[in-house]
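**Q** This is upload-v9.txt, which holds compact mmCIF, C-alpha atoms and all ligand atoms:
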```txt
# COMPACT_ATOMS: atom_id res chain seq x y z
CA MET A 1 -13.67 -54.66 -39.62
CA ALA A 2 -13.07 -55.72 -43.19
CA THR A 3 -9.44 -54.67 -42.85
CA GLN A 4 -8.56 -57.61 -40.66
CA SER A 5 -7.31 -59.34 -43.74
CA PHE A 6 -5.28 -56.32 -44.79
CA ASP A 7 -1.66 -57.02 -44.15
CA PRO A 8 0.58 -54.05 -44.96
CA LEU A 9 3.66 -56.22 -44.49
CA LYS A 10 2.60 -58.18 -47.55
CA TYR A 11 2.99 -55.01 -49.63
CA ARG A 12 5.90 -53.35 -47.86
CA THR A 13 8.48 -55.65 -49.38
CA ASP A 14 7.45 -54.33 -52.82
CA PHE A 15 8.83 -50.92 -51.85
CA PRO A 16 12.65 -51.05 -51.93
CA VAL A 17 13.07 -47.54 -50.53
CA LEU A 18 11.28 -48.43 -47.29
CA ASP A 19 13.92 -51.00 -46.47
CA GLN A 20 16.55 -48.65 -45.09
CA GLN A 21 17.76 -46.95 -41.95
CA VAL A 22 17.82 -43.21 -41.42
CA HIS A 23 20.13 -41.98 -38.66
CA GLY A 24 20.49 -45.58 -37.58
CA LYS A 25 16.72 -46.12 -37.18
CA PRO A 26 14.32 -47.95 -39.52
CA LEU A 27 12.75 -45.44 -41.90
CA ILE A 28 9.15 -44.55 -41.07
CA TYR A 29 7.76 -42.72 -44.05
CA PHE A 30 4.81 -40.53 -43.01
CA ASP A 31 5.00 -37.92 -45.78
CA ASN A 32 2.65 -39.59 -48.22
CA ALA A 33 0.47 -36.55 -48.81
CA ALA A 34 3.55 -34.90 -50.35
CA THR A 35 4.56 -37.89 -52.44
CA THR A 36 4.32 -41.66 -52.10
CA GLN A 37 6.96 -44.34 -52.51
CA LYS A 38 7.06 -46.55 -55.61
CA PRO A 39 6.67 -50.30 -55.69
CA ARG A 40 9.10 -52.43 -57.65
CA GLN A 41 6.32 -53.14 -60.17
CA VAL A 42 6.24 -49.45 -61.15
CA ILE A 43 10.01 -49.09 -61.26
CA GLN A 44 10.27 -52.25 -63.38
CA ALA A 45 7.53 -51.14 -65.79
CA ILE A 46 9.51 -47.97 -66.49
CA ALA A 47 12.81 -49.84 -66.83
CA HIS A 48 11.18 -52.46 -69.05
CA TYR A 49 9.81 -49.78 -71.33
CA TYR A 50 13.21 -48.11 -71.74
CA GLU A 51 15.00 -51.43 -72.16
CA ASN A 52 12.58 -52.85 -74.74
CA ASP A 53 10.08 -50.47 -76.28
CA ASN A 54 11.36 -46.89 -76.20
CA ALA A 55 10.16 -44.79 -79.15
CA ASN A 56 8.07 -41.70 -79.71
CA VAL A 57 4.29 -42.14 -79.73
CA HIS A 58 1.67 -41.53 -82.41
CA ARG A 59 4.30 -40.81 -85.05
CA ALA A 60 6.17 -43.88 -86.16
CA ILE A 61 4.98 -46.84 -88.19
CA HIS A 62 7.90 -48.98 -87.00
CA THR A 63 7.44 -51.71 -84.41
CA LEU A 64 8.88 -49.89 -81.41
CA GLY A 65 6.79 -46.82 -82.20
CA GLU A 66 3.67 -48.96 -82.36
CA ARG A 67 4.53 -50.69 -79.10
CA ALA A 68 5.24 -47.43 -77.29
CA THR A 69 1.96 -45.97 -78.57
CA MET A 70 0.06 -49.05 -77.48
CA LEU A 71 1.55 -48.96 -73.97
CA TYR A 72 0.90 -45.23 -73.64
CA GLU A 73 -2.73 -45.60 -74.74
CA GLU A 74 -3.21 -48.65 -72.53
CA ALA A 75 -2.16 -46.50 -69.59
CA ARG A 76 -4.77 -43.92 -70.57
CA GLN A 77 -7.43 -46.63 -70.62
CA LYS A 78 -6.31 -47.87 -67.17
CA ILE A 79 -6.72 -44.36 -65.77
CA ALA A 80 -10.16 -44.04 -67.38
CA ASP A 81 -11.23 -47.37 -65.86
CA PHE A 82 -9.76 -46.48 -62.48
CA ILE A 83 -12.01 -43.42 -62.12
CA ASN A 84 -14.85 -44.90 -64.19
CA ALA A 85 -14.58 -42.31 -66.97
CA PRO A 86 -16.93 -43.13 -69.85
CA ALA A 87 -14.10 -43.02 -72.41
CA ALA A 88 -10.30 -42.94 -72.51
CA ARG A 89 -10.41 -39.83 -74.72
CA GLN A 90 -11.67 -37.95 -71.66
CA ILE A 91 -8.29 -38.43 -69.98
CA VAL A 92 -5.64 -35.84 -70.82
CA PHE A 93 -2.13 -36.63 -69.66
CA THR A 94 -0.53 -33.72 -67.81
CA ARG A 95 2.41 -33.18 -65.48
CA GLY A 96 0.06 -33.53 -62.53
CA THR A 97 -2.69 -31.81 -60.58
CA THR A 98 -1.10 -28.38 -60.92
CA GLU A 99 -0.88 -28.53 -64.68
CA SER A 100 -4.35 -30.04 -65.00
CA ILE A 101 -5.89 -27.13 -63.09
CA ASN A 102 -3.85 -24.55 -65.00
CA LEU A 103 -5.03 -26.14 -68.23
CA VAL A 104 -8.70 -25.74 -67.28
CA ALA A 105 -8.24 -22.19 -65.98
CA ALA A 106 -6.31 -21.06 -69.07
CA SER A 107 -8.40 -22.88 -71.66
CA TRP A 108 -12.01 -23.15 -70.49
CA GLY A 109 -11.62 -20.25 -68.10
CA GLU A 110 -10.30 -17.70 -70.58
CA ALA A 111 -12.82 -18.76 -73.21
CA PHE A 112 -15.93 -18.81 -71.05
CA ILE A 113 -15.41 -16.77 -67.88
CA LYS A 114 -16.11 -13.09 -68.40
CA GLU A 115 -15.83 -9.82 -66.52
CA GLY A 116 -18.14 -9.76 -63.50
CA ASP A 117 -18.46 -13.56 -63.36
CA GLU A 118 -17.74 -15.26 -60.06
CA ILE A 119 -15.58 -18.29 -59.37
CA ILE A 120 -16.11 -20.13 -56.08
CA VAL A 121 -13.13 -21.76 -54.40
CA SER A 122 -12.77 -22.80 -50.77
CA GLU A 123 -10.51 -21.30 -48.13
CA MET A 124 -8.80 -24.67 -47.74
CA GLU A 125 -7.39 -24.98 -51.25
CA HIS A 126 -3.83 -25.96 -52.01
CA HIS A 127 -2.16 -23.07 -53.87
CA SER A 128 -2.51 -25.21 -57.02
CA ASN A 129 -6.27 -24.76 -56.90
CA LEU A 130 -6.16 -21.11 -55.95
CA ILE A 131 -3.46 -19.28 -57.88
CA PRO A 132 -4.64 -20.38 -61.37
CA TRP A 133 -8.07 -18.92 -60.51
CA GLN A 134 -6.52 -15.73 -59.12
CA LEU A 135 -4.54 -15.32 -62.36
CA LEU A 136 -7.65 -15.96 -64.45
CA ALA A 137 -9.79 -13.59 -62.39
CA GLN A 138 -7.19 -10.82 -62.79
CA LYS A 139 -6.95 -11.44 -66.52
CA VAL A 140 -10.67 -11.46 -67.36
CA GLY A 141 -12.00 -9.25 -64.56
CA ALA A 142 -13.83 -12.04 -62.72
CA LYS A 143 -14.19 -12.25 -58.95
CA LEU A 144 -13.24 -15.03 -56.55
CA ARG A 145 -15.68 -16.00 -53.80
CA PHE A 146 -14.47 -18.10 -50.88
CA LEU A 147 -16.18 -20.98 -49.19
CA PRO A 148 -15.16 -20.78 -45.52
CA PHE A 149 -14.04 -23.63 -43.28
CA ASP A 150 -15.01 -23.85 -39.62
CA GLU A 151 -13.10 -24.71 -36.41
CA ASN A 152 -13.22 -28.40 -37.34
CA GLY A 153 -11.64 -27.74 -40.73
CA MET A 154 -14.96 -28.44 -42.43
CA ILE A 155 -17.01 -26.74 -45.07
CA ASP A 156 -20.62 -26.16 -44.27
CA PHE A 157 -22.83 -26.86 -47.28
CA LYS A 158 -25.14 -24.01 -46.17
CA SER A 159 -22.39 -21.47 -46.78
CA PHE A 160 -22.07 -22.82 -50.31
CA GLU A 161 -25.79 -22.20 -50.84
CA LYS A 162 -25.25 -18.70 -49.46
CA ILE A 163 -22.38 -17.60 -51.70
CA PHE A 164 -23.69 -19.30 -54.83
CA SER A 165 -25.38 -16.65 -56.97
CA GLU A 166 -26.57 -15.98 -60.50
CA ARG A 167 -23.08 -14.60 -61.17
CA THR A 168 -21.35 -17.89 -60.26
CA ARG A 169 -19.72 -19.26 -63.40
CA PHE A 170 -17.35 -21.90 -62.02
CA VAL A 171 -16.63 -23.87 -58.85
CA ALA A 172 -13.21 -25.34 -57.99
CA ILE A 173 -12.84 -27.29 -54.79
CA THR A 174 -10.63 -29.92 -53.24
CA ASN A 175 -12.17 -33.35 -52.71
CA MET A 176 -9.86 -33.95 -49.75
CA SER A 177 -7.86 -31.37 -47.83
CA ASN A 178 -4.09 -31.89 -47.71
CA VAL A 179 -3.98 -30.07 -44.36
CA PHE A 180 -7.06 -31.22 -42.41
CA GLY A 181 -7.72 -34.50 -44.20
CA THR A 182 -11.37 -33.40 -44.52
CA ILE A 183 -13.38 -35.07 -47.25
CA ASN A 184 -15.60 -32.30 -48.57
CA PRO A 185 -19.32 -32.62 -49.43
CA VAL A 186 -18.50 -32.44 -53.12
CA LYS A 187 -21.48 -34.44 -54.36
CA LYS A 188 -23.91 -31.95 -52.87
CA ILE A 189 -21.85 -29.03 -54.15
CA ILE A 190 -21.81 -30.50 -57.66
CA ALA A 191 -25.56 -31.18 -57.58
CA LEU A 192 -26.39 -27.61 -56.60
CA ALA A 193 -23.97 -26.09 -59.14
CA HIS A 194 -25.49 -28.26 -61.88
CA GLU A 195 -28.98 -26.99 -61.10
CA HIS A 196 -27.61 -23.72 -62.49
CA ASP A 197 -25.48 -25.23 -65.27
CA VAL A 198 -22.27 -24.27 -63.49
CA PRO A 199 -19.34 -26.68 -63.97
CA VAL A 200 -17.32 -27.99 -61.02
CA LEU A 201 -13.64 -28.92 -60.94
CA LEU A 202 -12.46 -31.28 -58.22
CA ASP A 203 -8.88 -31.22 -57.03
CA GLY A 204 -8.39 -34.95 -56.58
CA ALA A 205 -4.69 -34.83 -55.63
CA GLN A 206 -5.43 -36.28 -52.18
CA SER A 207 -8.64 -38.18 -52.88
CA VAL A 208 -7.90 -40.23 -56.00
CA PRO A 209 -4.91 -42.05 -54.41
CA HIS A 210 -6.89 -42.96 -51.28
CA LEU A 211 -10.62 -43.28 -52.08
CA PRO A 212 -12.50 -45.19 -54.76
CA THR A 213 -13.35 -42.54 -57.35
CA ASP A 214 -16.24 -42.71 -59.77
CA VAL A 215 -16.49 -39.58 -61.90
CA GLN A 216 -19.86 -40.62 -63.27
CA GLN A 217 -21.31 -41.06 -59.82
CA LEU A 218 -19.74 -37.81 -58.59
CA ASP A 219 -20.89 -36.14 -61.81
CA CYS A 220 -17.90 -33.75 -61.60
CA ASP A 221 -17.08 -31.84 -64.77
CA PHE A 222 -13.31 -31.83 -64.25
CA LEU A 223 -11.04 -33.90 -62.02
CA ALA A 224 -7.32 -33.21 -61.58
CA PHE A 225 -4.83 -35.61 -59.99
CA SER A 226 -1.16 -36.56 -59.80
CA GLY A 227 0.57 -39.90 -60.40
CA HIS A 228 3.30 -39.43 -57.80
CA LYS A 229 0.80 -39.36 -54.92
CA MET A 230 -0.58 -42.77 -55.93
CA LEU A 231 2.59 -44.88 -56.21
CA GLY A 232 3.36 -43.60 -59.72
CA PRO A 233 6.31 -41.57 -60.99
CA THR A 234 6.67 -37.81 -60.74
CA GLY A 235 5.93 -35.59 -63.73
CA ILE A 236 2.78 -37.40 -64.80
CA GLY A 237 -0.86 -36.89 -63.90
CA ALA A 238 -4.20 -36.48 -65.53
CA LEU A 239 -7.13 -34.27 -66.20
CA TYR A 240 -10.50 -35.93 -66.60
CA ALA A 241 -13.24 -33.81 -68.15
CA LYS A 242 -16.69 -34.31 -69.53
CA GLU A 243 -16.55 -34.62 -73.28
CA LYS A 244 -18.66 -31.54 -73.93
CA TYR A 245 -16.11 -29.35 -72.15
CA LEU A 246 -13.09 -30.91 -73.85
CA GLN A 247 -14.75 -30.37 -77.22
CA GLU A 248 -15.49 -26.69 -76.62
CA MET A 249 -12.14 -25.87 -74.99
CA PRO A 250 -9.45 -24.20 -77.11
CA PRO A 251 -5.93 -25.72 -77.02
CA TYR A 252 -3.79 -24.99 -73.99
CA GLN A 253 -0.36 -25.21 -75.61
CA GLY A 254 0.62 -25.28 -79.26
CA GLY A 255 3.09 -27.64 -80.92
CA GLY A 256 3.41 -31.11 -82.36
CA GLU A 257 0.67 -33.70 -81.97
CA MET A 258 -2.11 -31.26 -81.04
CA ILE A 259 -2.76 -30.27 -84.65
CA GLN A 260 -4.66 -31.77 -87.54
CA SER A 261 -3.56 -29.57 -90.46
CA VAL A 262 -1.11 -26.71 -90.41
CA TRP A 263 -0.62 -23.86 -92.82
CA LEU A 264 1.89 -21.08 -92.32
CA ASP A 265 -0.74 -18.74 -90.96
CA ARG A 266 -3.29 -21.09 -89.33
CA ALA A 267 -4.01 -24.58 -88.15
CA THR A 268 -6.81 -26.94 -87.20
CA TRP A 269 -6.80 -29.05 -84.08
CA ASN A 270 -6.43 -32.73 -83.45
CA GLU A 271 -9.27 -34.62 -81.80
CA ILE A 272 -9.49 -34.93 -78.02
CA PRO A 273 -7.48 -35.67 -75.93
CA TYR A 274 -4.54 -35.04 -78.30
CA LYS A 275 -5.63 -31.44 -78.80
CA PHE A 276 -4.30 -30.89 -75.26
CA GLU A 277 -1.11 -32.93 -75.49
CA ALA A 278 1.33 -30.74 -77.39
CA GLY A 279 4.84 -32.10 -77.80
CA THR A 280 6.36 -35.44 -76.89
CA PRO A 281 4.57 -36.57 -73.75
CA ASN A 282 5.93 -38.26 -70.63
CA ILE A 283 5.56 -41.75 -72.12
CA SER A 284 7.48 -43.67 -69.45
CA GLY A 285 5.62 -41.72 -66.76
CA ALA A 286 2.27 -42.73 -68.21
CA ILE A 287 3.36 -46.37 -68.35
CA GLY A 288 4.61 -46.15 -64.75
CA LEU A 289 1.30 -44.64 -63.67
CA GLY A 290 -0.54 -47.45 -65.44
CA ALA A 291 1.53 -49.97 -63.43
CA ALA A 292 0.73 -48.06 -60.21
CA ILE A 293 -2.98 -48.31 -61.00
CA ASP A 294 -2.66 -52.05 -61.61
CA TYR A 295 -0.98 -52.32 -58.22
CA LEU A 296 -3.68 -50.33 -56.42
CA GLN A 297 -6.46 -52.23 -58.15
CA ASN A 298 -4.97 -55.58 -57.20
CA ILE A 299 -5.27 -54.55 -53.57
CA GLY A 300 -8.64 -52.84 -54.08
CA MET A 301 -9.33 -49.18 -53.35
CA GLU A 302 -12.05 -50.03 -50.80
CA ASN A 303 -9.53 -52.09 -48.83
CA ILE A 304 -7.01 -49.27 -48.95
CA THR A 305 -9.55 -46.71 -47.74
CA LEU A 306 -10.70 -48.91 -44.87
CA TYR A 307 -7.17 -49.70 -43.77
CA GLU A 308 -6.17 -46.03 -43.85
CA GLN A 309 -9.23 -45.15 -41.79
CA GLU A 310 -8.18 -47.71 -39.23
CA LEU A 311 -4.63 -46.30 -39.12
CA THR A 312 -5.90 -42.73 -38.83
CA THR A 313 -8.36 -43.51 -36.03
CA TYR A 314 -5.62 -45.39 -34.21
CA ALA A 315 -3.14 -42.52 -34.59
CA LEU A 316 -5.67 -39.85 -33.59
CA GLN A 317 -6.66 -41.77 -30.47
CA LYS A 318 -3.05 -42.03 -29.35
CA MET A 319 -2.18 -38.47 -30.30
CA HIS A 320 -5.18 -37.09 -28.38
CA GLU A 321 -3.58 -38.53 -25.23
CA ILE A 322 -0.71 -36.04 -25.55
CA GLU A 323 -2.18 -32.87 -24.12
CA GLU A 324 0.59 -30.62 -25.50
CA LEU A 325 -0.55 -31.45 -29.05
CA THR A 326 -2.97 -29.30 -31.01
CA ILE A 327 -4.54 -31.21 -33.87
CA TYR A 328 -6.02 -29.22 -36.73
CA GLY A 329 -9.11 -30.65 -38.35
CA ASN A 330 -11.77 -32.83 -36.80
CA ALA A 331 -14.01 -33.92 -39.63
CA PRO A 332 -15.86 -37.21 -39.18
CA GLU A 333 -15.23 -38.00 -42.83
CA ARG A 334 -11.52 -37.71 -43.32
CA GLY A 335 -8.48 -39.20 -44.97
CA ALA A 336 -5.12 -40.27 -43.58
CA VAL A 337 -3.69 -36.80 -43.04
CA ILE A 338 -3.05 -35.38 -39.56
CA SER A 339 -1.77 -31.82 -39.05
CA PHE A 340 -0.66 -30.77 -35.62
CA ASN A 341 1.57 -28.59 -33.49
CA LEU A 342 3.38 -29.40 -30.29
CA GLY A 343 2.95 -26.37 -28.02
CA GLU A 344 5.07 -23.53 -29.33
CA VAL A 345 7.71 -25.80 -30.86
CA HIS A 346 8.38 -24.79 -34.45
CA PRO A 347 7.32 -27.57 -36.86
CA HIS A 348 10.78 -27.46 -38.46
CA ASP A 349 12.38 -28.25 -35.09
CA LEU A 350 9.90 -31.03 -34.38
CA SER A 351 10.34 -32.45 -37.86
CA HIS A 352 14.13 -32.41 -37.39
CA PHE A 353 13.74 -34.14 -34.01
CA LEU A 354 11.56 -36.86 -35.58
CA ASP A 355 13.94 -37.25 -38.53
CA GLN A 356 16.69 -38.10 -36.06
CA GLN A 357 14.50 -41.05 -35.10
CA GLY A 358 14.02 -42.09 -38.73
CA ILE A 359 10.53 -40.59 -39.02
CA ALA A 360 9.76 -38.52 -42.12
CA VAL A 361 6.93 -36.01 -41.63
CA ARG A 362 6.21 -32.76 -43.39
CA ALA A 363 6.62 -29.38 -41.72
CA GLY A 364 5.48 -26.10 -43.24
CA HIS A 365 2.46 -24.34 -44.66
CA HIS A 366 1.68 -27.26 -46.99
CA CYS A 367 1.12 -24.88 -49.92
CA ALA A 368 -1.97 -23.61 -48.14
CA GLN A 369 -0.93 -20.27 -46.66
CA PRO A 370 -4.51 -18.95 -46.42
CA ILE A 371 -5.30 -21.83 -44.01
CA MET A 372 -2.29 -20.94 -41.84
CA ARG A 373 -3.33 -17.27 -41.83
CA LYS A 374 -6.86 -18.11 -40.75
CA LEU A 375 -5.56 -20.40 -37.98
CA ASN A 376 -3.07 -17.71 -37.03
CA ILE A 377 -0.10 -20.05 -37.19
CA ALA A 378 3.01 -20.09 -39.37
CA ALA A 379 3.08 -23.79 -40.06
CA THR A 380 2.09 -27.27 -38.89
CA THR A 381 3.70 -30.66 -38.74
CA ARG A 382 1.85 -33.22 -40.85
CA ALA A 383 1.84 -37.00 -40.72
CA SER A 384 0.16 -38.75 -43.63
CA PHE A 385 -0.19 -42.49 -44.17
CA TYR A 386 -0.51 -44.93 -47.02
CA LEU A 387 -1.16 -48.62 -47.46
CA TYR A 388 2.39 -49.67 -46.45
CA ASN A 389 2.33 -47.95 -43.05
CA THR A 390 1.70 -49.93 -39.88
CA LYS A 391 0.30 -49.49 -36.38
CA GLN A 392 3.75 -50.34 -35.02
CA GLU A 393 5.13 -47.33 -36.88
CA ILE A 394 2.41 -45.17 -35.35
CA ASP A 395 3.27 -46.52 -31.88
CA PHE A 396 6.92 -45.53 -32.35
CA PHE A 397 5.90 -42.14 -33.77
CA VAL A 398 3.67 -41.41 -30.76
CA GLU A 399 6.43 -42.53 -28.39
CA GLN A 400 8.77 -40.10 -30.09
CA LEU A 401 6.22 -37.29 -29.82
CA LYS A 402 6.20 -37.96 -26.08
CA GLU A 403 9.99 -37.84 -26.10
CA ALA A 404 9.77 -34.52 -27.93
CA VAL A 405 7.54 -33.14 -25.18
CA LYS A 406 10.33 -33.96 -22.71
CA PHE A 407 13.11 -32.78 -25.02
CA PHE A 408 11.53 -29.40 -25.72
CA SER A 409 10.89 -29.26 -21.91
CA PHE A 410 7.34 -28.21 -21.30
N1 LIG B 501 -3.82 -30.15 -54.51
C1 LIG B 501 -3.65 -30.79 -53.34
C2 LIG B 501 -4.82 -30.93 -52.41
C3 LIG B 501 -2.40 -31.31 -53.03
O1 LIG B 501 -2.22 -31.94 -51.87
C4 LIG B 501 -1.33 -31.15 -53.95
C5 LIG B 501 0.05 -31.69 -53.65
N2 LIG B 501 0.55 -31.36 -52.39
C6 LIG B 501 -1.58 -30.49 -55.15
C7 LIG B 501 -2.84 -30.00 -55.39
C8 LIG B 501 -0.51 -30.28 -56.16
O2 LIG B 501 -0.10 -31.47 -56.73
P1 LIG B 501 1.15 -31.54 -57.71
O3 LIG B 501 2.27 -30.81 -57.01
O4 LIG B 501 1.41 -33.00 -57.86
O5 LIG B 501 0.76 -30.87 -58.98
```
Please lay out the structure from this file as structure tokens.
Ligand code: PMP
**A**
Amino acid sequence: MATQSFDPLKYRTDFPVLDQQVHGKPLIYFDNAATTQKPRQVIQAIAHYYENDNANVHRAIHTLGERATMLYEEARQKIADFINAPAARQIVFTRGTTESINLVAASWGEAFIKEGDEIIVSEMEHHSNLIPWQLLAQKVGAKLRFLPFDENGMIDFKSFEKIFSERTRFVAITNMSNVFGTINPVKKIIALAHEHDVPVLLDGAQSVPHLPTDVQQLDCDFLAFSGHKMLGPTGIGALYAKEKYLQEMPPYQGGGEMIQSVWLDRATWNEIPYKFEAGTPNISGAIGLGAAIDYLQNIGMENITLYEQELTTYALQKMHEIEELTIYGNAPERGAVISFNLGEVHPHDLSHFLDQQGIAVRAGHHCAQPIMRKLNIAATTRASFYLYNTKQEIDFFVEQLKEAVKFFSF
């Protein structure tokens, strides 16, 4: 496999936080779907900005102001290049995936989705890609339609064909599930929606950090993602959109920077993307995200994807040997996210047990309560990997799962 040359240990030393003990054991960080750790390069880019260049952007003519603006706009260009967006003006800086989706629902949604229209979302959405559409539907009198998932945690394209109708006005779907790890057939979904001129938003929170992403090849109309899940800081993310949508969308929030001319009783709007960036933005966050993208690109997204596949296959093989484990999701095309339960043990108890061994996993409903309801469970434990994780860590994790079987005395 091409990943033979991939050496996670080469990168691990860039992540200061990984070099520590938790409860006397080396930290094993398997909660990457929630947030990832930050390499020194990102931390230093932020510190360097505050130590040398800090000023507000797009306002000042002085040297620091010009430097800060240049760094901020360079970061926008890096994001555009990273996802192959045709132009940097198609990247709107936001707080993250959640804000990006809320922006689209509030702006495009309220302007163009009318009473009786239908919005298709899947049953496996994170609350971030469900609640904004519920709020919009309630406000304008639209209806949500739900794309079901099957026993493997997969979406069948045929059911999309079935629920798509002449009333469908918008489709919002996750590219990769944060519970099952499933990579959804988004290209086919987008192609069908476009035959009827219906725009598609992809929730890229889990896909953009782990898979090469080409918005032109996907042909998605909107893509939302978060910096903190891809080695960047918290509080920064992006919305990509096709230019035609950004042009026709009304502003999301009002304030400084998003205007062109203001009178007491009216105003005109700045050009895109500034029309959507009211107020002083998260400048250091954008610069940190730019540094994270440099870091990922130096390694190469293809290499990261392949290595994560190798880790996931390895972990699944070993976990399948533990018969007390139930693993949720069995898609052939999947990312490095594994949700499971150990018999009747509550995920919080298992997570606490693993934490005592230095292993950080997530336990809960993963902001996807409708999935838990459909599976008839309260919660799962979730292990999720990134480029700095190793097979040795997985070995220790699986050993500890076996210890847990004994501890919780089956
Ligand atoms: N969508 C998915 C699929 C996610 O995994 C997450 C984060 N758990 C989000 C949306 C929300 O991301 P954020 O909290 O960074 O806005």
**Q** At a cut-off of 9 Å, using all atoms listed in the file, what residues contact Gln247 in chain A? Leave out same-chain residues fewer than 4 positions from it and give the result as a list in words.
**A**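 Near Gln247 in chain A, the qualifying residues are Lys242, Glu243, Glu271 and Ile272 of chain A.
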**Q** Set the cut-off to 9 Å, count all atoms listed in the file, and list whatever residues fall near ligand LIG 501 (chain B) as JSON, numbers by chain.
**A** {"A": [33, 34, 35, 95, 96, 97, 98, 99, 100, 101, 124, 125, 126, 127, 128, 129, 174, 175, 176, 177, 178, 179, 203, 204, 205, 206, 207, 224, 225, 226, 227, 228, 229, 234, 235, 236, 237, 366, 367, 368]}
**Q** Take the point (4.8, -35.0, -44.6) as written in the file and pick out every residue within 7 Å of it, counting all atoms listed in the file; give the list as JSON, numbers by chain.
**A** {"A": [30, 31, 32, 33, 34, 360, 361, 362, 363, 382, 383, 384]}
**Q** So, counting only C-alpha atoms, which residue among A:Tyr274, A:Ile113, A:Ala238, A:Tyr295 is closest to Gly255 in chain A?
**A**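 Using only C-alpha atoms, Gly255 in chain A sits closest to A:Tyr274.
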**Q** From the options A:Ala137, A:Leu9, A:Ala286, A:Leu18, which residue's atoms come nearest to Lys78 in chain A, counting only C-alpha atoms?
**A**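 Counting only C-alpha atoms, the residue closest to Lys78 in chain A is A:Ala286.
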**Q** Using all atoms listed in the file, which residue out of A:Ile287, A:Ala336, A:Leu246, A:Ala404 lies closest to Thr69 in chain A?
**A** A:Ile287
**Q** Between A:Leu306, A:Val92, A:Ala292, A:Ile183, which has the minimum distance to Val337 in chain A (counting all atoms listed in the file)?
**A**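 Looking at the shortest contact to Val337 in chain A, the residue is A:Ile183.
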**Q** Could you pull the residues within 7 Å of range 388-400 of chain A, counting all atoms listed in the file, minus those fewer than 6 positions along the same chain, as a ChimeraX atom specification?
**A** /A:8-9,11-12,28,311,315,318-319,354
**Q** Just give me the gap between CA of Lys10 in chain A and CA of Thr182 in chain A in Å, one decimal is fine.
**A** 28.6 Å
**Q** If you measure from CA of Leu296 in chain A to CA of Ser339 in chain A, what distance in Å do you get, rounded to one decimal?
**A**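 Going from CA of Leu296 in chain A over to CA of Ser339 in chain A, I get 25.5 Å.
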**Q** So what do you get for CA of Leu231 in chain A versus CA of Val42 in chain A, distance-wise?
**A** 7.7 Å
**Q** Using only C-alpha atoms, find the one residue out of A:Glu74, A:Trp133, A:Ile119, A:Val140 that sits nearest to Val171 in chain A.
**A**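 Counting only C-alpha atoms, the residue closest to Val171 in chain A is A:Ile119.
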**Q** Tell me which protein, DNA and RNA residues are within 7 Å of Pro273 in chain A, counting only C-alpha atoms, leaving out same-chain ones fewer than 4 positions away, and put them as a PDB file with C-alpha atoms, in the frame of the given file.
**A**
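Resulting contents of part-v4.pdb:
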```pdb
ATOM      1  CA  ARG A  89     -10.410 -39.830 -74.720  1.00  0.00           C
ATOM      2  CA  GLN A  90     -11.670 -37.950 -71.660  1.00  0.00           C
ATOM      3  CA  ILE A  91      -8.290 -38.430 -69.980  1.00  0.00           C
ATOM      4  CA  VAL A  92      -5.640 -35.840 -70.820  1.00  0.00           C
ATOM      5  CA  GLU A 277      -1.110 -32.930 -75.490  1.00  0.00           C
TER       6      GLU A 277
END
```
**Q** So, with only C-alpha atoms as the atoms that count, which of A:Pro86, A:Gly116, A:Pro347, A:Gly153 lies closest to Lys139 in chain A?
**A**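 Closest to Lys139 in chain A of all the choices is A:Gly116.
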**Q** I'd like the contact shell of Lys402 in chain A - 12 Å cut-off, only C-alpha atoms, skipping same-chain residues fewer than 6 positions apart - returned as a list of chain:residue names.
**A**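 Counting only the stated atoms, we get A:Lys318, A:Met319, A:His320, A:Glu321, A:Ile322, A:Glu323, A:Glu324, A:Leu325, A:Leu342, A:Leu350, A:Phe353, A:Leu354, A:Asp395, A:Phe396, A:Phe408, A:Ser409, A:Phe410.
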**Q** Write out, as a PDB file, in the frame of the given file, the residues just selected, with C-alpha atoms.
**A**
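The resulting file, again-v9.pdb, is reproduced below:
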```
ATOM      1  CA  LYS A 318      -3.050 -42.030 -29.350  1.00  0.00           C
ATOM      2  CA  MET A 319      -2.180 -38.470 -30.300  1.00  0.00           C
ATOM      3  CA  HIS A 320      -5.180 -37.090 -28.380  1.00  0.00           C
ATOM      4  CA  GLU A 321      -3.580 -38.530 -25.230  1.00  0.00           C
ATOM      5  CA  ILE A 322      -0.710 -36.040 -25.550  1.00  0.00           C
ATOM      6  CA  GLU A 323      -2.180 -32.870 -24.120  1.00  0.00           C
ATOM      7  CA  GLU A 324       0.590 -30.620 -25.500  1.00  0.00           C
ATOM      8  CA  LEU A 325      -0.550 -31.450 -29.050  1.00  0.00           C
ATOM      9  CA  LEU A 342       3.380 -29.400 -30.290  1.00  0.00           C
ATOM     10  CA  LEU A 350       9.900 -31.030 -34.380  1.00  0.00           C
ATOM     11  CA  PHE A 353      13.740 -34.140 -34.010  1.00  0.00           C
ATOM     12  CA  LEU A 354      11.560 -36.860 -35.580  1.00  0.00           C
ATOM     13  CA  ASP A 395       3.270 -46.520 -31.880  1.00  0.00           C
ATOM     14  CA  PHE A 396       6.920 -45.530 -32.350  1.00  0.00           C
ATOM     15  CA  PHE A 408      11.530 -29.400 -25.720  1.00  0.00           C
ATOM     16  CA  SER A 409      10.890 -29.260 -21.910  1.00  0.00           C
ATOM     17  CA  PHE A 410       7.340 -28.210 -21.300  1.00  0.00           C
TER      18      PHE A 410
END
```
**Q** For Asn303 in chain A, please output as a list in words all residues within 12 Å (counting all atoms listed in the file; exclusion window: fewer than 3 positions along the same chain).
**A** Met1, Ala2, Thr3, Gln4, Ser5, Phe6, Asp7, Pro8, His210, Leu211, Pro212, Leu296, Gln297, Asn298, Ile299, Gly300, Leu306, Tyr307, Glu308, Gln309, Glu310, Tyr386 and Leu387 of chain A
